[in-house]
Amino acid sequence: MQSAIAARRNVLNWRDVLSLECADQLNPIVEKIIQLKESHPANIAVQCFDAEYFSSLDSGLQQRLLDCMQSGIDNPESEMGCYACQADDYDVLRPFFAKAISRYHGQDSQSRHVSDWTIPDGDMLDIAEFGLPPLSLRIRVGRNFADLPLTSAMTQQDRTSLEKRMADVFEQLQSNPELAGTYVSLTPGHPNQLTQQEYEKLVADHVMFKAMDADPYLISAGIAGDWPHGRGCYYTPDHSFIVWVGEEDHLRIMCMKTGTKLKRVLDQLHSALQFIERSAASPFARSQDFGTVTTCPTNLGTGMRASVHLNLPHLTTGGSLDKVKEIAAPLGLGIRGMGGEHTPIGPDGTVDVSPRARLYITEGNIVHRLYDGIGQLIKAEQNLSSH
Ligand code: ADP
Ligand code: ARG
């Protein structure tokens, strides 16, 4: 434990580094970050903040960095604690982001991301081989247009023009029988505006995203700004293909299906994504080293989350996730609730299982990791049920 005097000295040292003469000239936000470094060792953004680097930036770039860190400062319990505001923040503020990315994704900053959607040996990754019935399978990717600010920095006009841009793309999707569907909007006055009741039903059906103005991370980051303007969702009648507009990323593109063959969902998503990329008039943002650019650094690389709803009553007895997380973590899997991130598990012990890795892993390997993990979790569940 650091003594109060030593802590005070530390603060003075930081002030020296920042070349500021007296306390009231110190940017109060920087002072708060310095305090959070002590109190919140798990907040990656705060831990990766380097006062020397900060003081080397001009005032515009200093503000740009603080904008990216706002959510982690307002919510000290954050794990990542930052979001990009412009697609090139990852390059322009590289000394900060490379450190934070390496800390979260667990590789050094020399690595370069490679995309590859193939599954070796043409394996279907069929979970029926584990004796499982058809389950709810979902794979999504985040994508952002290179010529627009990220959702954390968009004006209301940017948000509605994104929605208009996508209207043209959705029009083109009508010519593809597998992707033809309907666009519904939350924008007040939009011709396809949903009623509150219709919106809640689509959220409950896992088609539409949750209200963003209830999420403290998204509020602080500016990502929930102007809610619900420019927000909407495109979906096919069977809900097998869905595109979210204006959530955390400009687009979240996903395929969802009750089935057993993971490769089939992966292939469907890949061809839908290629169709969208061709139909959209402008390219998606990419970084040479970090692959697909996403607003949250946790999603960089592939932007992909592949998940299954898996019933694990013995591993979740009493509604506790401790046991299942203990087994899932070394397999590289994360456990979420039935409504997605930050929601509780199902009353029958059903959880959302997905590989945590998104960067420095291929799309094919993410799905392979999910398949292998399902096999391991089911084995552990069966071991417990037979005792
Ligand atoms: P994301 O997957 O985009 O990171 P969330 O974790 O919030 O975001 O999940 C978004 C929605 O997708 C939630 O309604 C969640 O229940 C649903 N979902 C995720 N995985 C599956 C799945 N395998 N089957 C059905 N719905 C799913
Ligand atoms: N900002 C939150 C944190 O740092 C969530 C990060 C991951 N989730 C997300 N939806 N991007 O803990």
# chains A, B, ... in the order shown; residues from 1 in each chain; ligands from 1

call {"tool": "residues_near_ligand", "arguments": {"ligand": "ligand 1", "cutoff": "9 Å", "atoms": "only C-alpha atoms and all ligand atoms", "output": "CSV table (one decimal) with N, CA and C atoms, in the first residue's frame"}}
result
chain,number,residue,atom,x,y,z
A,135,LEU,N,-29.6,-26.0,-32.2
A,135,LEU,CA,-29.5,-24.9,-31.2
A,135,LEU,C,-29.5,-23.6,-32.0
A,136,SER,N,-29.7,-22.5,-31.2
A,136,SER,CA,-29.7,-21.2,-31.8
A,136,SER,C,-28.2,-20.8,-32.0
A,137,LEU,N,-27.8,-20.6,-33.3
A,137,LEU,CA,-26.5,-20.3,-33.7
A,137,LEU,C,-26.5,-18.9,-34.3
A,138,ARG,N,-25.5,-18.1,-33.9
A,138,ARG,CA,-25.5,-16.7,-34.5
A,138,ARG,C,-24.1,-16.2,-34.7
A,139,ILE,N,-23.8,-15.6,-35.8
A,139,ILE,CA,-22.4,-15.1,-36.0
A,139,ILE,C,-22.7,-13.6,-36.5
A,140,ARG,N,-22.0,-12.7,-35.9
A,140,ARG,CA,-22.1,-11.3,-36.3
A,140,ARG,C,-20.8,-10.7,-36.6
A,141,VAL,N,-20.7,-9.7,-37.5
A,141,VAL,CA,-19.5,-8.9,-37.6
A,141,VAL,C,-19.9,-7.4,-37.5
A,142,GLY,N,-19.0,-6.6,-37.0
A,142,GLY,CA,-19.2,-5.1,-36.9
A,142,GLY,C,-18.4,-4.5,-38.1
A,202,LEU,N,-39.2,-7.2,-31.1
A,202,LEU,CA,-38.0,-7.5,-31.9
A,202,LEU,C,-36.8,-7.7,-31.0
A,203,VAL,N,-36.7,-6.9,-29.9
A,203,VAL,CA,-35.6,-7.1,-29.0
A,203,VAL,C,-35.7,-8.5,-28.3
A,204,ALA,N,-36.9,-8.8,-27.9
A,204,ALA,CA,-37.1,-10.1,-27.2
A,204,ALA,C,-36.8,-11.3,-28.2
A,205,ASP,N,-37.1,-11.1,-29.4
A,205,ASP,CA,-36.8,-12.1,-30.4
A,205,ASP,C,-35.3,-12.2,-30.9
A,206,HIS,N,-34.5,-11.3,-30.2
A,206,HIS,CA,-33.0,-11.3,-30.5
A,206,HIS,C,-32.7,-10.7,-31.9
A,207,VAL,N,-33.7,-10.0,-32.5
A,207,VAL,CA,-33.5,-9.4,-33.8
A,207,VAL,C,-33.0,-8.0,-33.7
A,208,MET,N,-33.5,-7.2,-32.8
A,208,MET,CA,-33.2,-5.8,-32.7
A,208,MET,C,-32.3,-5.6,-31.4
A,209,PHE,N,-31.5,-4.5,-31.4
A,209,PHE,CA,-30.7,-4.3,-30.3
A,209,PHE,C,-31.4,-3.5,-29.2
A,210,LYS,N,-30.8,-3.7,-28.0
A,210,LYS,CA,-31.4,-3.0,-26.8
A,210,LYS,C,-31.3,-1.5,-26.9
A,244,TRP,N,-28.0,-4.5,-38.3
A,244,TRP,CA,-28.3,-3.4,-37.3
A,244,TRP,C,-27.7,-2.2,-37.9
A,247,GLU,N,-25.9,1.0,-34.2
A,247,GLU,CA,-25.7,0.6,-32.8
A,247,GLU,C,-24.2,1.0,-32.5
A,248,GLU,N,-23.5,0.1,-31.9
A,248,GLU,CA,-22.1,0.5,-31.5
A,248,GLU,C,-21.2,0.7,-32.7
A,252,ARG,N,-23.9,-3.8,-37.8
A,252,ARG,CA,-23.6,-5.1,-37.3
A,252,ARG,C,-24.4,-6.0,-38.2
A,253,ILE,N,-23.7,-6.9,-38.9
A,253,ILE,CA,-24.2,-7.8,-39.9
A,253,ILE,C,-24.2,-9.2,-39.4
A,254,MET,N,-25.3,-9.9,-39.4
A,254,MET,CA,-25.3,-11.2,-38.7
A,254,MET,C,-26.2,-12.2,-39.4
A,256,MET,N,-28.3,-15.8,-38.3
A,256,MET,CA,-28.8,-16.5,-37.1
A,256,MET,C,-29.7,-17.6,-37.5
A,257,LYS,N,-29.5,-18.8,-36.9
A,257,LYS,CA,-30.3,-19.9,-37.4
A,257,LYS,C,-30.4,-21.0,-36.3
A,258,THR,N,-31.5,-21.7,-36.2
A,258,THR,CA,-31.6,-22.8,-35.3
A,258,THR,C,-31.1,-24.0,-36.1
A,299,ASN,N,-13.3,-5.3,-30.4
A,299,ASN,CA,-13.9,-6.0,-31.6
A,299,ASN,C,-13.0,-5.9,-32.8
A,304,MET,N,-15.8,-10.0,-35.3
A,304,MET,CA,-16.8,-11.1,-35.3
A,304,MET,C,-17.0,-11.7,-33.9
A,305,ARG,N,-18.3,-12.0,-33.6
A,305,ARG,CA,-18.6,-12.8,-32.4
A,305,ARG,C,-19.5,-13.9,-32.9
A,306,ALA,N,-19.1,-15.1,-32.6
A,306,ALA,CA,-19.8,-16.3,-33.0
A,306,ALA,C,-20.4,-16.9,-31.7
A,307,SER,N,-21.7,-17.1,-31.6
A,307,SER,CA,-22.3,-17.6,-30.4
A,307,SER,C,-23.3,-18.7,-30.5
A,308,VAL,N,-23.5,-19.4,-29.4
A,308,VAL,CA,-24.6,-20.4,-29.4
A,308,VAL,C,-25.3,-20.3,-28.1
A,309,HIS,N,-26.6,-20.5,-28.1
A,309,HIS,CA,-27.3,-20.6,-26.8
A,309,HIS,C,-27.3,-22.0,-26.4
A,310,LEU,N,-26.6,-22.3,-25.2
A,310,LEU,CA,-26.4,-23.6,-24.8
A,310,LEU,C,-27.0,-23.8,-23.4
A,336,ARG,N,-22.2,-15.1,-21.7
A,336,ARG,CA,-23.1,-13.9,-21.6
A,336,ARG,C,-24.5,-14.4,-21.2
A,337,GLY,N,-25.4,-13.5,-20.9
A,337,GLY,CA,-26.8,-13.9,-20.5
A,337,GLY,C,-27.6,-14.0,-21.8
A,338,MET,N,-28.9,-14.4,-21.6
A,338,MET,CA,-29.8,-14.7,-22.7
A,338,MET,C,-30.2,-13.5,-23.5
A,339,GLY,N,-30.0,-12.3,-23.0
A,339,GLY,CA,-30.3,-11.1,-23.8
A,339,GLY,C,-29.0,-10.4,-24.3
A,340,GLY,N,-27.9,-11.1,-24.2
A,340,GLY,CA,-26.6,-10.6,-24.7
A,340,GLY,C,-25.8,-10.1,-23.6
A,341,GLU,N,-24.9,-9.2,-23.9
A,341,GLU,CA,-23.9,-8.6,-23.0
A,341,GLU,C,-24.6,-7.9,-21.8
A,342,HIS,N,-24.1,-8.1,-20.6
A,342,HIS,CA,-24.6,-7.5,-19.4
A,342,HIS,C,-26.1,-7.9,-19.1
A,343,THR,N,-26.5,-9.1,-19.5
A,343,THR,CA,-27.9,-9.6,-19.1
A,343,THR,C,-27.7,-10.9,-18.3
A,352,ASP,N,-25.3,-17.8,-23.2
A,352,ASP,CA,-24.7,-17.5,-24.5
A,352,ASP,C,-23.2,-17.7,-24.5
A,353,VAL,N,-22.7,-18.6,-25.3
A,353,VAL,CA,-21.3,-18.9,-25.3
A,353,VAL,C,-20.6,-18.4,-26.6
A,354,SER,N,-19.5,-17.8,-26.4
A,354,SER,CA,-18.8,-17.3,-27.7
A,354,SER,C,-17.3,-17.2,-27.4

call {"tool": "residues_near_ligand", "arguments": {"ligand": "ligand 2", "cutoff": "8 Å", "atoms": "only C-alpha atoms and all ligand atoms", "output": "list in words"}}
result
Asn43, Ile44, Ser71, Gly72, Glu77, Ser78, Glu79, Met80, Gly81, Cys82, Tyr83, Tyr217, Leu218, Glu248, Thr295, Cys296, Pro297, Thr298, Asn299 and Glu341 of chain A

call {"tool": "select_by_dssp", "arguments": {"residues": "region 19-256 of chain A", "states": "strand (DSSP E)", "output": "ChimeraX atom specification"}}
result
/A:135-143,182-185,232-235,241-245,251-256

call {"tool": "residues_around", "arguments": {"residues": "Gly319 (chain A)", "least_positions_apart": "2", "cutoff": "9 Å", "atoms": "only C-alpha atoms", "output": "list in words"}}
result
Pro313, Thr316, Thr317, Leu321, Pro344, Ile345, Gly346, Pro347, Asp348 and Gly349 of chain A

call {"tool": "write_last_selection", "arguments": {"atoms": "all heavy atoms", "output": "CSV table (one decimal), in the first residue's frame"}}
result
chain,number,residue,atom,x,y,z
A,313,PRO,N,-27.6,-26.7,-17.3
A,313,PRO,CA,-28.2,-26.6,-16.0
A,313,PRO,C,-27.3,-27.0,-14.8
A,313,PRO,O,-27.3,-26.3,-13.8
A,313,PRO,CB,-29.4,-27.4,-16.1
A,313,PRO,CG,-29.2,-28.3,-17.2
A,313,PRO,CD,-28.3,-27.6,-18.2
A,316,THR,N,-24.6,-24.4,-14.1
A,316,THR,CA,-25.1,-23.1,-13.7
A,316,THR,C,-26.0,-23.2,-12.5
A,316,THR,O,-27.0,-22.4,-12.4
A,316,THR,CB,-25.8,-22.4,-14.8
A,316,THR,OG1,-26.8,-23.2,-15.3
A,316,THR,CG2,-24.8,-22.1,-16.0
A,317,THR,N,-25.9,-24.3,-11.7
A,317,THR,CA,-26.9,-24.5,-10.6
A,317,THR,C,-27.0,-23.2,-9.7
A,317,THR,O,-26.0,-22.6,-9.4
A,317,THR,CB,-26.6,-25.7,-9.7
A,317,THR,OG1,-25.2,-25.8,-9.6
A,317,THR,CG2,-27.1,-27.0,-10.3
A,321,LEU,N,-22.8,-18.2,-12.4
A,321,LEU,CA,-22.0,-18.4,-13.6
A,321,LEU,C,-20.6,-18.8,-13.2
A,321,LEU,O,-19.7,-19.0,-14.1
A,321,LEU,CB,-22.0,-17.1,-14.4
A,321,LEU,CG,-23.3,-16.8,-15.2
A,321,LEU,CD1,-23.1,-15.6,-16.0
A,321,LEU,CD2,-23.7,-18.0,-16.1
A,344,PRO,N,-28.8,-11.3,-17.6
A,344,PRO,CA,-28.7,-12.5,-16.8
A,344,PRO,C,-28.9,-13.8,-17.6
A,344,PRO,O,-29.5,-13.7,-18.7
A,344,PRO,CB,-29.9,-12.3,-15.8
A,344,PRO,CG,-30.8,-11.3,-16.4
A,344,PRO,CD,-30.0,-10.5,-17.3
A,345,ILE,N,-28.5,-14.9,-17.1
A,345,ILE,CA,-28.7,-16.2,-17.8
A,345,ILE,C,-30.2,-16.6,-17.7
A,345,ILE,O,-31.0,-16.1,-17.0
A,345,ILE,CB,-27.8,-17.3,-17.1
A,345,ILE,CG1,-28.3,-17.7,-15.7
A,345,ILE,CG2,-26.4,-16.9,-17.1
A,345,ILE,CD1,-27.6,-18.9,-15.2
A,346,GLY,N,-30.5,-17.5,-18.6
A,346,GLY,CA,-31.9,-18.0,-18.7
A,346,GLY,C,-32.3,-18.8,-17.4
A,346,GLY,O,-31.4,-19.4,-16.8
A,347,PRO,N,-33.6,-18.8,-17.0
A,347,PRO,CA,-34.0,-19.5,-15.8
A,347,PRO,C,-33.7,-21.0,-15.8
A,347,PRO,O,-33.6,-21.6,-14.8
A,347,PRO,CB,-35.5,-19.2,-15.7
A,347,PRO,CG,-35.9,-18.6,-17.0
A,347,PRO,CD,-34.7,-18.1,-17.7
A,348,ASP,N,-33.6,-21.5,-17.0
A,348,ASP,CA,-33.4,-23.0,-17.1
A,348,ASP,C,-31.9,-23.3,-17.3
A,348,ASP,O,-31.5,-24.4,-17.5
A,348,ASP,CB,-34.1,-23.5,-18.4
A,348,ASP,CG,-33.6,-22.9,-19.7
A,348,ASP,OD1,-32.9,-21.9,-19.6
A,348,ASP,OD2,-33.8,-23.5,-20.8
A,349,GLY,N,-31.0,-22.3,-17.1
A,349,GLY,CA,-29.6,-22.6,-17.2
A,349,GLY,C,-29.0,-22.5,-18.6
A,349,GLY,O,-28.0,-23.0,-18.9

call {"tool": "closest_residue", "arguments": {"among": "A:Asn311, A:Asn365, A:Gln288, A:Thr294", "to": "Gln110 (chain A)", "atoms": "only C-alpha atoms"}}
result
A:Gln288

call {"tool": "residues_around", "arguments": {"residues": "Leu333 (chain A)", "least_positions_apart": "3", "cutoff": "6 Å", "atoms": "only C-alpha atoms", "output": "list in words"}}
result
Ala328, Ala329, Ser354, Pro355 and Arg356 of chain A
